[in-house]
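For reference, entry_32.tsv (TSV, C-alpha atoms and all ligand atoms):
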```
chain	number	residue	atom	x	y	z
A	1	MET	CA	1.08	13.65	-30.37
A	2	PHE	CA	2.26	10.00	-30.42
A	3	ASP	CA	4.77	9.02	-27.75
A	4	ARG	CA	7.83	6.87	-28.44
A	5	ASP	CA	6.20	3.68	-27.20
A	6	SER	CA	3.25	4.09	-29.56
A	7	ILE	CA	5.56	4.73	-32.49
A	8	LYS	CA	7.65	1.68	-31.56
A	9	ARG	CA	4.46	-0.37	-31.54
A	10	PHE	CA	3.38	1.11	-34.90
A	11	GLU	CA	6.70	-0.06	-36.38
A	12	THR	CA	5.70	-3.65	-35.71
A	13	LEU	CA	2.24	-3.42	-37.31
A	14	ASP	CA	1.12	-4.06	-40.88
A	15	THR	CA	0.47	-0.83	-42.71
A	16	PRO	CA	-1.73	0.88	-43.65
A	17	PHE	CA	-3.85	0.77	-40.52
A	18	TYR	CA	-6.31	2.78	-38.50
A	19	TYR	CA	-5.39	3.43	-34.92
A	20	TYR	CA	-8.02	4.49	-32.40
A	21	ASP	CA	-7.23	6.24	-29.15
A	22	ILE	CA	-9.90	4.77	-26.89
A	23	GLN	CA	-9.06	7.09	-23.98
A	24	LEU	CA	-9.67	10.13	-26.17
A	25	LEU	CA	-12.95	8.63	-27.37
A	26	ARG	CA	-14.03	8.15	-23.74
A	27	LYS	CA	-13.05	11.70	-22.79
A	28	THR	CA	-15.00	13.00	-25.79
A	29	LEU	CA	-18.06	10.98	-24.82
A	30	THR	CA	-17.78	12.15	-21.20
A	31	GLN	CA	-17.69	15.82	-22.27
A	32	LEU	CA	-20.52	15.34	-24.73
A	33	LYS	CA	-22.63	13.70	-22.06
A	34	ALA	CA	-22.02	16.51	-19.60
A	35	ALA	CA	-22.88	19.12	-22.25
A	36	VAL	CA	-26.19	17.52	-23.25
A	37	ASP	CA	-27.21	16.37	-19.78
A	38	LYS	CA	-27.08	20.01	-18.66
A	39	TYR	CA	-30.24	20.63	-20.70
A	40	GLY	CA	-31.65	17.09	-20.84
A	41	TYR	CA	-30.93	16.77	-24.58
A	42	LYS	CA	-30.49	13.37	-26.24
A	43	VAL	CA	-27.78	12.20	-28.65
A	44	HIS	CA	-28.01	9.52	-31.34
A	45	TYR	CA	-24.55	8.70	-32.65
A	46	ALA	CA	-24.49	8.72	-36.49
A	47	LEU	CA	-23.10	5.29	-37.37
A	48	LYS	CA	-22.28	6.39	-40.88
A	49	ALA	CA	-19.19	8.16	-39.52
A	50	ASN	CA	-17.68	4.96	-38.14
A	51	ALA	CA	-19.41	1.64	-37.57
A	52	ASN	CA	-16.44	-0.22	-36.06
A	53	THR	CA	-17.94	-2.53	-33.43
A	54	ARG	CA	-15.37	-1.70	-30.74
A	55	ILE	CA	-16.10	2.02	-31.15
A	56	LEU	CA	-19.86	1.44	-31.21
A	57	LYS	CA	-19.79	-0.58	-27.97
A	58	GLU	CA	-17.90	2.26	-26.27
A	59	ILE	CA	-20.46	4.81	-27.47
A	60	SER	CA	-23.50	2.74	-26.54
A	61	SER	CA	-22.05	2.14	-23.06
A	62	PHE	CA	-22.48	5.86	-22.39
A	63	GLY	CA	-26.22	5.51	-22.92
A	64	PHE	CA	-26.39	7.34	-26.26
A	65	GLY	CA	-28.76	6.28	-29.02
A	66	ALA	CA	-27.97	5.52	-32.68
A	67	ASP	CA	-28.74	7.30	-35.94
A	68	CYS	CA	-28.79	4.77	-38.78
A	69	VAL	CA	-29.08	5.17	-42.54
A	70	SER	CA	-29.44	1.57	-43.66
A	71	GLY	CA	-31.02	-1.66	-42.49
A	72	ASN	CA	-27.53	-3.04	-41.91
A	73	GLU	CA	-26.67	-0.09	-39.67
A	74	VAL	CA	-29.84	-0.76	-37.64
A	75	THR	CA	-28.76	-4.39	-37.22
A	76	ARG	CA	-25.17	-3.38	-36.31
A	77	ALA	CA	-26.43	-0.82	-33.78
A	78	LEU	CA	-28.60	-3.44	-32.08
A	79	GLU	CA	-25.69	-5.91	-32.01
A	80	CYS	CA	-23.47	-3.31	-30.37
A	81	GLY	CA	-25.76	-2.51	-27.48
A	82	PHE	CA	-27.92	0.39	-28.69
A	83	PRO	CA	-31.49	-0.32	-27.57
A	84	ALA	CA	-34.16	-0.25	-30.30
A	85	SER	CA	-35.95	2.42	-28.28
A	86	LYS	CA	-33.02	4.79	-29.00
A	87	ILE	CA	-32.53	4.08	-32.71
A	88	VAL	CA	-33.61	6.52	-35.39
A	89	PHE	CA	-33.54	5.58	-39.06
A	90	ALA	CA	-32.88	8.33	-41.60
A	91	GLY	CA	-32.09	8.36	-45.31
A	92	VAL	CA	-33.62	9.65	-48.51
A	93	GLY	CA	-33.93	6.21	-50.11
A	94	LYS	CA	-34.90	3.54	-47.61
A	95	SER	CA	-35.76	0.27	-49.34
A	96	ASP	CA	-38.86	-1.72	-48.38
A	97	LYS	CA	-36.64	-4.40	-46.84
A	98	GLU	CA	-34.80	-1.81	-44.73
A	99	ILE	CA	-38.08	-0.29	-43.56
A	100	GLU	CA	-39.22	-3.78	-42.59
A	101	THR	CA	-36.02	-4.26	-40.54
A	102	GLY	CA	-36.76	-1.05	-38.65
A	103	ILE	CA	-40.40	-1.92	-38.06
A	104	LYS	CA	-39.78	-5.52	-37.03
A	105	ASN	CA	-37.22	-4.32	-34.49
A	106	ASN	CA	-39.56	-1.63	-33.11
A	107	ILE	CA	-37.05	1.21	-33.56
A	108	PHE	CA	-37.80	4.54	-31.95
A	109	CYS	CA	-38.44	6.59	-35.09
A	110	PHE	CA	-38.12	6.87	-38.87
A	111	ASN	CA	-36.96	10.25	-40.12
A	112	VAL	CA	-39.05	10.53	-43.27
A	113	GLU	CA	-37.99	12.48	-46.34
A	114	SER	CA	-41.04	12.41	-48.66
A	115	LEU	CA	-44.78	11.91	-48.70
A	116	GLN	CA	-44.39	8.76	-50.76
A	117	GLU	CA	-41.99	7.32	-48.17
A	118	LEU	CA	-44.60	8.02	-45.46
A	119	GLU	CA	-47.13	6.00	-47.45
A	120	VAL	CA	-44.73	3.10	-47.91
A	121	ILE	CA	-43.85	3.01	-44.18
A	122	ASN	CA	-47.56	3.14	-43.38
A	123	LYS	CA	-48.25	0.18	-45.68
A	124	ILE	CA	-45.39	-1.95	-44.35
A	125	ALA	CA	-46.29	-1.14	-40.73
A	126	GLY	CA	-49.88	-2.16	-41.55
A	127	THR	CA	-48.72	-5.51	-42.94
A	128	GLU	CA	-46.71	-6.09	-39.75
A	129	GLY	CA	-49.69	-5.00	-37.63
A	130	LYS	CA	-47.67	-2.18	-36.08
A	131	LEU	CA	-47.73	1.56	-35.56
A	132	ALA	CA	-44.46	3.18	-36.73
A	133	ASN	CA	-43.23	6.41	-35.17
A	134	VAL	CA	-42.16	8.97	-37.75
A	135	ALA	CA	-40.57	12.41	-37.75
A	136	LEU	CA	-40.68	14.62	-40.83
A	137	ARG	CA	-37.26	15.64	-42.07
A	138	LEU	CA	-37.71	19.21	-43.20
A	139	ASN	CA	-35.25	20.88	-45.49
A	140	PRO	CA	-34.75	24.17	-43.64
A	141	GLY	CA	-33.26	26.13	-46.57
A	142	ILE	CA	-30.19	27.14	-44.56
A	143	ASP	CA	-26.62	27.44	-45.84
A	144	ALA	CA	-24.30	25.71	-43.37
A	145	HIS	CA	-21.23	27.37	-44.96
A	146	THR	CA	-19.37	24.11	-45.34
A	147	ASN	CA	-17.85	22.09	-48.21
A	148	LYS	CA	-20.48	22.00	-51.01
A	149	CYS	CA	-20.32	18.18	-51.07
A	150	ILE	CA	-21.62	17.97	-47.49
A	151	ASN	CA	-23.98	20.98	-47.36
A	152	THR	CA	-27.41	19.38	-47.11
A	153	GLY	CA	-29.89	22.01	-45.93
A	154	LEU	CA	-30.14	24.21	-49.02
A	155	ALA	CA	-33.45	24.47	-50.88
A	156	ASP	CA	-32.31	22.44	-53.92
A	157	SER	CA	-30.86	19.59	-51.87
A	158	LYS	CA	-32.21	16.08	-52.48
A	159	PHE	CA	-32.73	15.70	-48.74
A	160	GLY	CA	-35.84	16.35	-46.71
A	161	ILE	CA	-39.24	17.89	-47.38
A	162	ASP	CA	-39.46	21.55	-48.35
A	163	PHE	CA	-40.29	23.42	-45.13
A	164	ASN	CA	-43.00	25.33	-47.02
A	165	LYS	CA	-44.86	22.03	-47.44
A	166	LEU	CA	-45.07	21.32	-43.70
A	167	GLU	CA	-48.82	21.78	-43.31
A	168	GLU	CA	-49.83	19.70	-46.35
A	169	THR	CA	-47.46	16.88	-45.38
A	170	VAL	CA	-48.76	16.83	-41.81
A	171	THR	CA	-52.35	16.76	-43.04
A	172	ALA	CA	-51.52	13.82	-45.33
A	173	ALA	CA	-49.66	12.02	-42.51
A	174	GLN	CA	-52.62	12.36	-40.18
A	175	LYS	CA	-54.74	10.33	-42.59
A	176	LEU	CA	-52.43	7.32	-42.39
A	177	ASN	CA	-53.42	4.78	-39.72
A	178	ASN	CA	-50.21	2.86	-39.17
A	179	ILE	CA	-47.86	5.76	-38.56
A	180	LYS	CA	-47.66	8.13	-35.64
A	181	LEU	CA	-46.18	11.56	-36.28
A	182	ILE	CA	-43.99	12.29	-33.26
A	183	GLY	CA	-41.55	14.94	-34.38
A	184	LEU	CA	-39.65	17.17	-36.75
A	185	HIS	CA	-36.14	16.46	-37.96
A	186	PHE	CA	-33.55	18.76	-39.53
A	187	HIS	CA	-29.95	18.36	-40.68
A	188	ILE	CA	-28.12	21.25	-42.30
A	189	GLY	CA	-24.79	19.69	-43.26
A	190	SER	CA	-21.53	18.42	-41.89
A	191	GLN	CA	-18.18	19.84	-40.69
A	192	ILE	CA	-19.92	23.04	-39.58
A	193	LEU	CA	-17.50	25.32	-37.75
A	194	ASP	CA	-19.58	28.45	-37.66
A	195	LYS	CA	-22.32	28.51	-34.99
A	196	GLU	CA	-24.58	30.97	-36.87
A	197	PRO	CA	-26.25	28.26	-39.04
A	198	TYR	CA	-27.33	26.53	-35.82
A	199	ARG	CA	-28.92	29.75	-34.56
A	200	LEU	CA	-30.80	30.07	-37.86
A	201	LEU	CA	-31.83	26.42	-37.60
A	202	CYS	CA	-33.33	27.09	-34.16
A	203	GLN	CA	-35.27	30.00	-35.63
A	204	ARG	CA	-36.58	27.84	-38.47
A	205	SER	CA	-37.52	25.11	-36.03
A	206	ASN	CA	-39.39	27.64	-33.88
A	207	GLU	CA	-41.31	28.90	-36.93
A	208	MET	CA	-42.23	25.35	-37.90
A	209	GLN	CA	-43.41	24.57	-34.39
A	210	ASP	CA	-45.53	27.73	-34.34
A	211	LYS	CA	-47.18	26.56	-37.56
A	212	LEU	CA	-47.90	23.19	-35.99
A	213	SER	CA	-49.35	24.84	-32.90
A	214	LEU	CA	-51.75	26.75	-35.16
A	215	MET	CA	-52.85	23.35	-36.46
A	216	GLY	CA	-53.41	22.27	-32.84
A	217	LEU	CA	-50.39	20.01	-32.88
A	218	ASP	CA	-47.49	19.91	-30.40
A	219	LEU	CA	-45.04	17.15	-31.29
A	220	PRO	CA	-42.95	15.58	-28.53
A	221	GLU	CA	-39.65	15.28	-30.45
A	222	ILE	CA	-37.37	17.80	-32.18
A	223	ASN	CA	-34.21	16.51	-33.84
A	224	LEU	CA	-31.62	19.07	-34.95
A	225	GLY	CA	-29.32	16.59	-36.73
A	226	GLY	CA	-25.55	16.49	-36.55
A	227	GLY	CA	-22.89	18.51	-38.30
A	228	LEU	CA	-20.63	19.92	-35.60
A	229	GLY	CA	-17.16	20.25	-37.14
A	230	VAL	CA	-13.70	19.38	-35.85
A	231	ASN	CA	-10.25	20.96	-36.14
A	232	TYR	CA	-8.48	19.17	-39.01
A	233	ASP	CA	-5.64	21.72	-39.24
A	234	ASP	CA	-4.43	21.46	-35.67
A	235	PRO	CA	-5.99	18.43	-33.98
A	236	ASP	CA	-3.76	18.59	-30.89
A	237	SER	CA	-5.02	22.08	-30.05
A	238	GLU	CA	-8.64	20.90	-30.05
A	239	PRO	CA	-8.90	17.16	-29.51
A	240	ILE	CA	-12.48	17.48	-28.26
A	241	PRO	CA	-15.02	19.70	-30.04
A	242	ASP	CA	-16.74	22.40	-28.06
A	243	PHE	CA	-20.06	20.65	-27.44
A	244	GLU	CA	-20.82	22.90	-24.51
A	245	SER	CA	-21.01	26.17	-26.45
A	246	LEU	CA	-23.17	24.59	-29.13
A	247	MET	CA	-25.60	23.34	-26.50
A	248	ASP	CA	-25.66	26.79	-24.90
A	249	ILE	CA	-26.51	28.33	-28.29
A	250	ILE	CA	-29.29	25.82	-28.84
A	251	HIS	CA	-30.65	26.40	-25.36
A	252	ALA	CA	-30.64	30.16	-25.88
A	253	ASN	CA	-32.36	30.02	-29.28
A	254	LEU	CA	-34.61	26.99	-29.48
A	255	HIS	CA	-38.14	27.32	-28.19
A	256	VAL	CA	-38.68	23.94	-26.56
A	257	ARG	CA	-42.28	23.02	-25.83
A	258	GLU	CA	-43.32	21.52	-22.53
A	259	LYS	CA	-42.21	17.87	-22.17
A	260	GLN	CA	-40.54	18.05	-25.59
A	261	ASN	CA	-37.31	16.08	-26.18
A	262	VAL	CA	-34.46	17.65	-28.16
A	263	HIS	CA	-32.24	15.25	-30.11
A	264	PHE	CA	-28.90	15.50	-31.94
A	265	GLU	CA	-27.16	13.11	-34.33
A	266	PHE	CA	-23.45	13.74	-34.12
A	267	GLY	CA	-21.05	11.54	-36.04
A	268	ARG	CA	-17.83	13.31	-36.91
A	269	ALA	CA	-17.57	15.35	-33.70
A	270	ILE	CA	-17.58	12.15	-31.63
A	271	VAL	CA	-15.11	9.97	-33.52
A	272	ALA	CA	-12.94	12.07	-35.86
A	273	GLN	CA	-10.13	13.02	-33.51
A	274	CYS	CA	-9.66	9.62	-31.88
A	275	GLY	CA	-8.67	8.02	-35.21
A	276	THR	CA	-5.42	8.20	-37.16
A	277	MET	CA	-4.49	6.40	-40.34
A	278	VAL	CA	-0.88	5.27	-40.45
A	279	ALA	CA	0.92	4.39	-43.68
A	280	LYS	CA	4.49	3.54	-44.61
A	281	THR	CA	6.60	5.45	-47.14
A	282	LEU	CA	7.37	3.22	-50.10
A	283	TYR	CA	9.31	5.52	-52.40
A	284	ILE	CA	10.54	9.08	-52.68
A	285	LYS	CA	10.50	10.39	-56.24
A	286	PRO	CA	11.99	13.83	-56.83
A	287	ALA	CA	10.09	16.09	-59.23
A	288	THR	CA	10.76	19.62	-60.50
A	289	GLN	CA	8.78	21.57	-57.89
A	290	THR	CA	8.42	19.00	-55.14
A	291	ASN	CA	9.14	15.40	-54.15
A	292	PHE	CA	6.55	12.68	-54.36
A	293	ALA	CA	6.30	10.71	-51.14
A	294	ILE	CA	4.55	7.55	-52.31
A	295	VAL	CA	2.95	5.81	-49.35
A	296	ASP	CA	1.29	2.41	-49.04
A	297	ALA	CA	-2.18	3.88	-48.30
A	298	GLY	CA	-4.37	5.24	-51.04
A	299	PHE	CA	-7.85	6.63	-51.47
A	300	THR	CA	-9.12	3.11	-50.95
A	301	ASP	CA	-8.06	3.55	-47.31
A	302	LEU	CA	-8.93	7.23	-46.78
A	303	ILE	CA	-11.05	8.74	-49.54
A	304	ARG	CA	-11.84	12.17	-48.08
A	305	PRO	CA	-9.01	14.10	-49.81
A	306	ALA	CA	-9.79	12.58	-53.24
A	307	LEU	CA	-13.57	12.85	-52.89
A	308	TYR	CA	-14.07	16.17	-51.14
A	309	GLY	CA	-10.70	17.90	-51.43
A	310	ALA	CA	-10.48	17.44	-47.65
A	311	ARG	CA	-7.15	17.94	-45.89
A	312	HIS	CA	-5.88	15.80	-43.05
A	313	LYS	CA	-2.84	16.87	-41.08
A	314	ILE	CA	0.06	14.70	-42.26
A	315	GLU	CA	2.97	13.93	-39.93
A	316	ASN	CA	6.15	11.93	-40.38
A	317	LEU	CA	6.42	9.80	-37.22
A	318	SER	CA	9.87	8.37	-38.01
A	319	SER	CA	12.10	11.10	-39.39
A	320	HIS	CA	15.04	12.24	-37.26
A	321	TYR	CA	16.23	14.81	-39.78
A	322	ALA	CA	16.32	18.50	-38.95
A	323	GLN	CA	16.10	19.27	-42.67
A	324	HIS	CA	12.63	19.91	-44.07
A	325	ASP	CA	11.50	19.44	-47.67
A	326	LYS	CA	8.38	19.91	-49.78
A	327	TYR	CA	6.32	16.84	-50.62
A	328	ASP	CA	3.25	15.75	-52.51
A	329	VAL	CA	1.99	12.83	-50.46
A	330	VAL	CA	0.36	10.33	-52.81
A	331	GLY	CA	-0.96	6.78	-52.81
A	332	PRO	CA	-0.25	3.76	-55.01
A	333	ILE	CA	-3.61	3.60	-56.82
A	334	CYS	CA	-3.74	3.92	-60.59
A	335	GLU	CA	-5.74	7.17	-60.57
A	336	SER	CA	-4.36	10.69	-60.63
A	337	THR	CA	-6.75	11.78	-57.85
A	338	ASP	CA	-4.96	9.43	-55.45
A	339	VAL	CA	-3.29	12.36	-53.72
A	340	PHE	CA	-3.49	13.13	-50.00
A	341	ASP	CA	-1.93	16.60	-50.12
A	342	THR	CA	0.41	18.66	-52.25
A	343	GLY	CA	3.35	20.94	-51.51
A	344	ILE	CA	3.40	20.25	-47.77
A	345	THR	CA	6.52	20.66	-45.68
A	346	LEU	CA	7.70	17.57	-43.83
A	347	PRO	CA	10.96	16.61	-42.17
A	348	LYS	CA	13.15	14.86	-44.77
A	349	THR	CA	11.28	11.67	-45.51
A	350	VAL	CA	12.83	8.38	-46.61
A	351	ARG	CA	11.64	4.90	-47.57
A	352	GLY	CA	10.20	3.10	-44.55
A	353	ASP	CA	9.13	6.23	-42.63
A	354	LEU	CA	5.73	6.00	-40.96
A	355	ILE	CA	3.30	8.71	-42.01
A	356	ALA	CA	0.26	9.63	-39.90
A	357	PHE	CA	-2.96	11.09	-41.31
A	358	ARG	CA	-4.66	12.70	-38.37
A	359	THR	CA	-8.35	13.23	-37.58
A	360	ALA	CA	-9.28	10.15	-39.60
A	361	GLY	CA	-11.74	8.52	-37.16
A	362	ALA	CA	-14.81	9.81	-39.02
A	363	TYR	CA	-15.63	8.79	-42.59
A	364	GLY	CA	-12.24	7.04	-42.85
A	365	GLU	CA	-12.25	3.30	-42.16
A	366	ILE	CA	-15.95	3.06	-43.00
A	367	MET	CA	-15.48	4.52	-46.50
A	368	ALA	CA	-12.60	2.21	-47.38
A	369	SER	CA	-12.98	0.12	-50.54
A	370	ARG	CA	-11.23	-2.76	-52.26
A	371	TYR	CA	-10.61	-0.98	-55.58
A	372	ASN	CA	-7.52	-2.40	-57.34
A	373	LEU	CA	-8.26	-5.48	-55.19
A	374	ARG	CA	-6.37	-3.89	-52.36
A	375	ASN	CA	-6.78	-5.23	-48.85
A	376	LEU	CA	-8.90	-3.24	-46.44
A	377	PRO	CA	-6.79	-1.37	-43.86
A	378	SER	CA	-6.06	-3.09	-40.55
A	379	VAL	CA	-7.34	-1.68	-37.27
A	380	TYR	CA	-5.62	-1.30	-33.88
A	381	TYR	CA	-6.54	0.35	-30.61
A	382	SER	CA	-4.73	2.17	-27.86
A	383	GLU	CA	-5.73	-0.61	-25.47
A	384	ASN	CA	-7.28	-4.04	-25.72
B	401	LIG	N1	-27.68	13.19	-39.59
B	401	LIG	C1	-27.86	13.18	-40.92
B	401	LIG	C2	-29.22	13.18	-41.45
B	401	LIG	C3	-26.74	13.18	-41.79
B	401	LIG	O1	-26.94	13.19	-43.11
B	401	LIG	C4	-25.43	13.18	-41.25
B	401	LIG	C5	-24.27	13.17	-42.12
B	401	LIG	C6	-25.30	13.18	-39.84
B	401	LIG	C7	-26.44	13.20	-39.04
B	401	LIG	C8	-23.96	13.17	-39.17
B	401	LIG	O2	-23.27	14.32	-39.48
B	401	LIG	P1	-21.88	14.68	-38.74
B	401	LIG	O3	-22.19	14.94	-37.28
B	401	LIG	O4	-20.97	13.54	-38.91
B	401	LIG	O5	-21.43	15.90	-39.45
B	401	LIG	N2	-18.46	11.64	-45.77
B	401	LIG	C9	-18.45	13.07	-45.52
B	401	LIG	C10	-19.52	13.49	-44.55
B	401	LIG	C11	-20.92	13.11	-44.99
B	401	LIG	C12	-21.96	13.47	-43.96
B	401	LIG	C13	-23.28	12.90	-44.34
B	401	LIG	N3	-24.33	13.11	-43.39
B	401	LIG	C14	-17.06	13.49	-45.04
B	401	LIG	O6	-16.16	12.65	-45.03
B	401	LIG	O7	-16.84	14.64	-44.71
```

Written as structure tokens, that's how I'd like the structure from this file.
Ligand code: LLP
Amino acid sequence: MFDRDSIKRFETLDTPFYYYDIQLLRKTLTQLKAAVDKYGYKVHYALKANANTRILKEISSFGFGADCVSGNEVTRALECGFPASKIVFAGVGKSDKEIETGIKNNIFCFNVESLQELEVINKIAGTEGKLANVALRLNPGIDAHTNKCINTGLADSKFGIDFNKLEETVTAAQKLNNIKLIGLHFHIGSQILDKEPYRLLCQRSNEMQDKLSLMGLDLPEINLGGGLGVNYDDPDSEPIPDFESLMDIIHANLHVREKQNVHFEFGRAIVAQCGTMVAKTLYIKPATQTNFAIVDAGFTDLIRPALYGARHKIENLSSHYAQHDKYDVVGPICESTDVFDTGITLPKTVRGDLIAFRTAGAYGEIMASRYNLRNLPSVYYSEN
């Protein structure tokens, strides 16, 4: 996937680093825009996946909104060109200070996850003399068939309000003077590859809207969250996720009311494939079953394998050997979970070889830490 010139450039850079292919990001954004424009749907990019300012400016330049989960993300989104009128603020534990940030900046909507949170937003909006738009995040009780660490829509999840409590929550919300209920919000999980959960989500959303209609209420906004997955096994075969078929499925199954806006909050699907983490091989240590390839990146740079058992495609960018061997690719951190993958076949790898971890644009750089007092990874782009 990387041409000779890119690899030559990589050889001159300090490792480990993240490398972003800006052309691929633009192509992804162009396809996403075409897919949602077809039906007039709106997208709020989920900053939690990657809040790198260069990436954010690219995304905002396409006219998309932002989905934030902290006061700092709201501030970053505003700094990077997302208008307040397109910012939604989600999260199960918003602090008073963060709510204030949202209200003071007149963001489009708070996605609210409990009755108590509604009351707090109402109080803070009152103090500021404002009316805050809110959407209720309903837990739809749907299994997204994804990694259990990122499956959020099941009944016992900490997220959202039980969908069976819709009517009582709406009734309580209607009594609060400084909030305006404008919509419903759902999110069923992340890295969803199967389209069936989205069909079920549309059904649940339709049921919920029917209940609201019986209460004489038609809300102008429906937000179906994010979650569309990407191809980690073979990124080159699918550099851009199939936004179009998902939108077609939504269009075929969601009952959209007149003048209602449909929103999505994609993170991973937008940025995962444009990012690669590149590390250098420090040592090769033969073991009984395999060889350890010890690289200069660890879970402080890319935590997904250690935290979720996630697998990123690993490639040796330097090796000229025809011979292939088995490797456990591991990092330098003093923890036995600092392992990127085990028993993988790579061309014979030697000290100094550059190793690429593909599909690292989402939940990579942003989740880096300074554990062991390591430096944060550097960042480079395909163009300046
Ligand atoms: N909206 C809400 C309410 C969310 O909780 C999330 C992700 C998104 C949107 C964006 O989902 P996406 O389109 O990226 O799937 N760190 C994990 C993923 C955590 C996802 C958390 N919520 C990972 O590395 O796989």

For ligand LIG 401 (chain B), which residue among A:Gly81, A:Pro16, A:Gly189, A:Gly309 is the nearest when counting all atoms listed in the file?
->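 Checking each candidate against ligand LIG 401 (chain B), we get A:Gly189 as the closest.
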
Cut-off 8 Å, all atoms listed in the file, neighbours of ligand LIG 401 (chain B) as a compact mmCIF listing (two decimals) with C-alpha atoms, in the coordinates of the input:
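Below you can see pocket.txt, which holds the result:
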```
# COMPACT_ATOMS: atom_id res chain seq x y z
CA TYR A 45 -24.55 8.70 -32.65
CA ALA A 46 -24.49 8.72 -36.49
CA LYS A 48 -22.28 6.39 -40.88
CA ALA A 49 -19.19 8.16 -39.52
CA ASP A 67 -28.74 7.30 -35.94
CA ALA A 90 -32.88 8.33 -41.60
CA GLY A 91 -32.09 8.36 -45.31
CA CYS A 149 -20.32 18.18 -51.07
CA ILE A 150 -21.62 17.97 -47.49
CA THR A 152 -27.41 19.38 -47.11
CA PHE A 186 -33.55 18.76 -39.53
CA HIS A 187 -29.95 18.36 -40.68
CA GLY A 189 -24.79 19.69 -43.26
CA SER A 190 -21.53 18.42 -41.89
CA GLN A 191 -18.18 19.84 -40.69
CA ILE A 192 -19.92 23.04 -39.58
CA GLY A 225 -29.32 16.59 -36.73
CA GLY A 226 -25.55 16.49 -36.55
CA GLY A 227 -22.89 18.51 -38.30
CA LEU A 228 -20.63 19.92 -35.60
CA GLY A 229 -17.16 20.25 -37.14
CA PHE A 264 -28.90 15.50 -31.94
CA GLU A 265 -27.16 13.11 -34.33
CA PHE A 266 -23.45 13.74 -34.12
CA GLY A 267 -21.05 11.54 -36.04
CA ARG A 268 -17.83 13.31 -36.91
CA ALA A 269 -17.57 15.35 -33.70
CA ILE A 270 -17.58 12.15 -31.63
CA ILE A 303 -11.05 8.74 -49.54
CA ARG A 304 -11.84 12.17 -48.08
CA TYR A 308 -14.07 16.17 -51.14
CA ALA A 310 -10.48 17.44 -47.65
CA ALA A 362 -14.81 9.81 -39.02
CA TYR A 363 -15.63 8.79 -42.59
CA GLY A 364 -12.24 7.04 -42.85
CA MET A 367 -15.48 4.52 -46.50
```

Mind pulling up the distance from CA of Val43 (chain A) to CA of Val69 (chain A)?
->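 Between CA of Val69 (chain A) and CA of Val43 (chain A) the gap works out to 15.6 Å.
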
Residues within 9 Å of region 279-285 of chain A, all atoms listed in the file, excluding chain neighbours under 6 positions, as a ChimeraX atom specification = /A:14-17,291-297,349-357

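Picture a line from CA of Ser318 (chain A) to CA of Ile7 (chain A); it runs 7.9 Å.
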
How far is it from CA of His145 (chain A) to CA of Gly160 (chain A), in Å with one decimal?
->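 These atoms are spaced 18.4 Å apart.
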
Near Lys123 (chain A), counting all atoms listed in the file, which residues have an atom at most 12 Å away, once you skip same-chain residues fewer than 3 positions from it, shown as a ChimeraX atom specification?
-> /A:96,99-100,103,116-120,126-132,176-179

Shortest contact to Val230 (chain A), candidates A:Ala360, A:Leu184, A:Val262, A:Ala306, atoms counted all atoms listed in the file, goes to A:Ala360

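Among the candidates A:Asn111, A:Thr28, A:Ser382, A:Thr342, the one nearest to Asn133 (chain A) when counting only C-alpha atoms is A:Asn111.
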
With 5 Å on each side, where is the centre of the axis-aligned box around all listed atoms of region 52-58 of chain A, and how long are its edges in Å to one decimal, as lines of an AutoDock Vina configuration file?
```
center_x = -17.6
center_y = -0.1
center_z = -31.2
size_x = 14.5
size_y = 14.8
size_z = 19.8
```

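Near Val256 (chain A), within 10 Å and counting all atoms listed in the file, sit Cys202, Ser205, Asn206, Gln209, Pro220, Glu221, Ile222, Ile250, His251, Asn253, Lys259, Gln260, Asn261 and Val262 of chain A, not including residues fewer than 3 positions from it in the same chain.
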
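Within 9 Å of the file-frame point (-33.1, 7.8, -41.9), and using only C-alpha atoms, the polymer residues found are Asp67, Cys68, Val69, Ser70, Val88, Phe89, Ala90, Gly91, Val92, Gly93, Lys94, Cys109, Phe110, Asn111, Val112, Glu113 and Arg137 of chain A.
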
Filtering to C-alpha atoms, could you give me those residues as a PDB file, in the coordinates of the input?
```
ATOM      1  CA  ASP A  67     -28.740   7.300 -35.940  1.00  0.00           C
ATOM      2  CA  CYS A  68     -28.790   4.770 -38.780  1.00  0.00           C
ATOM      3  CA  VAL A  69     -29.080   5.170 -42.540  1.00  0.00           C
ATOM      4  CA  SER A  70     -29.440   1.570 -43.660  1.00  0.00           C
ATOM      5  CA  VAL A  88     -33.610   6.520 -35.390  1.00  0.00           C
ATOM      6  CA  PHE A  89     -33.540   5.580 -39.060  1.00  0.00           C
ATOM      7  CA  ALA A  90     -32.880   8.330 -41.600  1.00  0.00           C
ATOM      8  CA  GLY A  91     -32.090   8.360 -45.310  1.00  0.00           C
ATOM      9  CA  VAL A  92     -33.620   9.650 -48.510  1.00  0.00           C
ATOM     10  CA  GLY A  93     -33.930   6.210 -50.110  1.00  0.00           C
ATOM     11  CA  LYS A  94     -34.900   3.540 -47.610  1.00  0.00           C
ATOM     12  CA  CYS A 109     -38.440   6.590 -35.090  1.00  0.00           C
ATOM     13  CA  PHE A 110     -38.120   6.870 -38.870  1.00  0.00           C
ATOM     14  CA  ASN A 111     -36.960  10.250 -40.120  1.00  0.00           C
ATOM     15  CA  VAL A 112     -39.050  10.530 -43.270  1.00  0.00           C
ATOM     16  CA  GLU A 113     -37.990  12.480 -46.340  1.00  0.00           C
ATOM     17  CA  ARG A 137     -37.260  15.640 -42.070  1.00  0.00           C
TER      18      ARG A 137
END
```
